[in-house]
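Raw contents of input38.cif, mmCIF, C-alpha atoms:
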data_upload
loop_
_atom_site.label_atom_id
_atom_site.label_comp_id
_atom_site.auth_asym_id
_atom_site.auth_seq_id
_atom_site.Cartn_x
_atom_site.Cartn_y
_atom_site.Cartn_z
CA LEU A 150 0.00 0.00 0.00
CA LEU A 151 2.75 2.37 0.90
CA ALA A 152 4.63 1.54 -2.29
CA ARG A 153 1.46 2.20 -4.27
CA GLN A 154 0.99 5.61 -2.66
CA LEU A 155 4.62 6.46 -3.21
CA TYR A 156 4.32 5.39 -6.84
CA ALA A 157 1.18 7.52 -7.27
CA ARG A 158 2.92 10.54 -5.76
CA ILE A 159 5.93 10.04 -8.00
CA CYS A 160 3.66 9.76 -11.06
CA ALA A 161 1.75 12.86 -9.96
CA ALA A 162 5.02 14.78 -9.39
CA THR A 163 6.30 13.63 -12.76
CA ALA A 164 3.06 14.72 -14.43
CA VAL A 165 3.26 18.18 -12.75
CA GLN A 166 6.92 18.55 -13.72
CA THR A 167 6.15 17.47 -17.30
CA ALA A 168 3.30 19.98 -17.55
CA TYR A 169 5.47 22.75 -16.10
CA ARG A 170 8.40 21.96 -18.42
CA ARG A 171 6.00 21.76 -21.42
CA HIS A 172 4.52 25.13 -20.46
CA ARG A 173 7.96 26.67 -19.92
CA GLU A 174 9.35 25.34 -23.23
CA ARG A 175 6.18 26.27 -25.12
CA SER A 176 6.48 29.83 -23.76
CA ARG A 177 10.15 29.99 -24.78
CA PHE A 178 9.27 28.58 -28.21
CA LEU A 179 6.48 31.14 -28.71
CA GLN A 180 8.79 33.95 -27.57
CA MET A 181 11.53 32.83 -29.95
CA ARG A 182 9.02 32.42 -32.79
CA CYS A 183 7.69 35.93 -32.13
CA ALA A 184 11.26 37.29 -32.08
CA ALA A 185 12.08 35.42 -35.30
CA LEU A 186 8.94 36.73 -36.99
CA THR A 187 9.78 40.27 -35.86
CA LEU A 188 13.33 39.94 -37.22
CA GLN A 189 12.03 38.50 -40.49
CA ALA A 190 9.45 41.29 -40.81
CA HIS A 191 12.12 43.95 -40.20
CA PHE A 192 14.46 42.31 -42.68
CA ARG A 193 11.71 41.96 -45.32
CA GLY A 194 10.71 45.59 -44.72
CA ARG A 195 14.31 46.72 -45.16
CA GLN A 196 14.65 44.67 -48.34
CA ALA A 197 11.38 46.15 -49.64
CA ARG A 198 12.59 49.69 -48.88
CA ILE A 199 15.85 48.96 -50.72
CA ARG A 200 13.88 47.61 -53.72
CA VAL A 201 11.62 50.67 -53.71
CA ALA A 202 14.66 52.97 -53.55
CA ARG A 203 16.21 51.14 -56.52
CA ILE A 204 12.95 51.36 -58.47
CA ARG A 205 12.69 55.07 -57.69
CA SER A 206 16.27 55.58 -58.86
CA ALA A 207 15.50 53.70 -62.07
CA ILE A 208 12.34 55.76 -62.60
CA LEU A 209 14.31 58.96 -62.00
CA LEU A 210 16.96 57.87 -64.51
CA GLN A 211 14.28 57.01 -67.07
CA SER A 212 12.59 60.34 -66.44
CA VAL A 213 15.83 62.27 -66.96
CA ALA A 214 16.58 60.28 -70.11
CA ARG A 215 13.08 60.97 -71.50
CA MET A 216 13.43 64.64 -70.56
CA LEU A 217 16.75 64.92 -72.40
CA THR A 218 15.34 63.14 -75.46
CA GLN A 219 12.27 65.37 -75.52
CA ARG A 220 14.38 68.50 -74.98
CA ARG A 221 16.65 67.53 -77.89
CA HIS A 222 13.59 66.92 -80.08
CA TYR A 223 12.05 70.23 -78.97
CA LEU A 224 15.26 72.13 -79.73
CA GLN A 225 15.40 70.55 -83.21
CA LEU A 226 11.80 71.54 -83.88
CA ARG A 227 12.46 75.04 -82.56
CA SER A 228 15.55 75.38 -84.72
CA ALA A 229 13.58 74.25 -87.77
CA ALA A 230 10.76 76.68 -86.96
CA LEU A 231 13.25 79.52 -86.55
CA ALA A 232 14.87 78.66 -89.88
CA LEU A 233 11.46 78.70 -91.59
CA GLN A 234 10.55 82.00 -89.96
CA CYS A 235 13.89 83.49 -90.97
CA ALA A 236 13.47 82.35 -94.58
CA PHE A 237 9.88 83.65 -94.68
CA ARG A 238 10.91 87.03 -93.25
CA GLN A 239 13.83 87.28 -95.69
CA ARG A 240 11.48 86.59 -98.60
CA ALA A 241 8.98 89.13 -97.27
CA ALA A 242 11.80 91.68 -96.89
CA ARG A 243 13.00 91.02 -100.46
CA ILE A 244 9.46 91.45 -101.80
CA LEU A 245 9.02 94.67 -99.81
CA THR A 246 12.41 95.97 -101.02
CA ALA A 247 11.46 95.17 -104.62
CA ARG A 248 8.14 97.00 -104.21
CA ILE A 249 9.88 100.00 -102.66
CA ARG A 250 12.42 100.07 -105.53
CA ALA A 251 9.58 99.85 -108.03
CA ALA A 252 7.74 102.70 -106.28
CA VAL A 253 10.92 104.81 -106.20
CA HIS A 254 11.48 104.09 -109.88
CA ILE A 255 7.91 105.12 -110.71
CA GLN A 256 8.28 108.30 -108.64
CA LYS A 257 11.57 109.08 -110.36
CA GLU A 258 10.01 108.62 -113.77
CA VAL A 259 7.01 110.79 -112.85
CA ARG A 260 9.29 113.53 -111.53
CA ARG A 261 11.48 113.28 -114.62
CA HIS A 262 8.42 113.55 -116.82
CA LEU A 263 7.07 116.54 -114.84
CA CYS A 264 10.44 118.30 -114.92
CA SER A 265 10.82 117.56 -118.60
CA THR A 266 7.33 118.90 -119.28
CA ARG A 267 8.05 122.10 -117.28
CA TYR A 268 11.36 122.55 -119.06
CA GLN A 269 9.72 122.11 -122.45
CA LYS A 270 7.08 124.71 -121.54
CA LEU A 271 9.73 127.15 -120.32
CA ARG A 272 11.84 126.56 -123.42
CA ARG A 273 8.88 127.14 -125.73
CA ALA A 274 7.98 130.28 -123.79
CA ALA A 275 11.57 131.52 -123.98
CA LEU A 276 11.78 130.78 -127.71
CA LEU A 277 8.46 132.52 -128.28
CA ALA A 278 9.61 135.55 -126.27
CA GLN A 279 12.87 135.68 -128.27
CA ALA A 280 11.03 135.29 -131.52
CA LEU A 281 8.65 138.11 -130.67
CA ALA A 282 11.30 140.41 -129.45
#
As structure tokens, the full file:
Amino acid sequence: LLARQLYARICAATAVQTAYRRHRERSRFLQMRCAALTLQAHFRGRQARIRVARIRSAILLQSVARMLTQRRHYLQLRSAALALQCAFRQRAARILTARIRAAVHIQKEVRRHLCSTRYQKLRRAALLAQALA
């Protein structure tokens, strides 16, 4: 009887110790798992931030490259537009100069004709006055 009671106590003590050790190890395991998950989350977050920074750098590089390409294209178009404007203005200036020369020529001819007509009248009048005198 005494051996049976002793055996029962030993089994009960063993069961309590087993439960305590299980609880203690389970708590340690859960703590370590939580710490590992936290470390993994921080590491993954850091890796994600690095990837985002690389992507942003790539986007910035692409943006600058597109900007330079577009600026070069714009400057070519602007240069072509300026050349066309210059040629158009030169042509307009040549046409205006030709019209002004034509107008000056017409004015010169009209003045020459008027002067010639006045001279002829004066000459006739002078010849008539000499003939009558």
Query raised in the report: What is the CA of Ala207 (chain A)-CA of Gln219 (chain A) distance in Å, reported with one decimal?
Result: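 We find that CA of Ala207 (chain A) and CA of Gln219 (chain A) lie 18.1 Å from each other.
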Report task. Could you check how far CA of Gln211 (chain A) sits from CA of Arg193 (chain A), in Å to one decimal? Result ->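 Interatomic distance here is 26.6 Å.
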Query raised in the report: Quick one, how far is CA of Arg250 (chain A) from CA of Leu233 (chain A)?
Result: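 Distance reported for this atom pair: 25.5 Å.
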Please give the centre and size of the box around region 247-262 of chain A (axis-aligned, containing every atom listed in the file, 4 Å added per side), with values in Å to one decimal and written as lines of an AutoDock Vina configuration file.
center_x = 9.7
center_y = 104.4
center_z = -109.7
size_x = 13.4
size_y = 26.4
size_z = 22.2
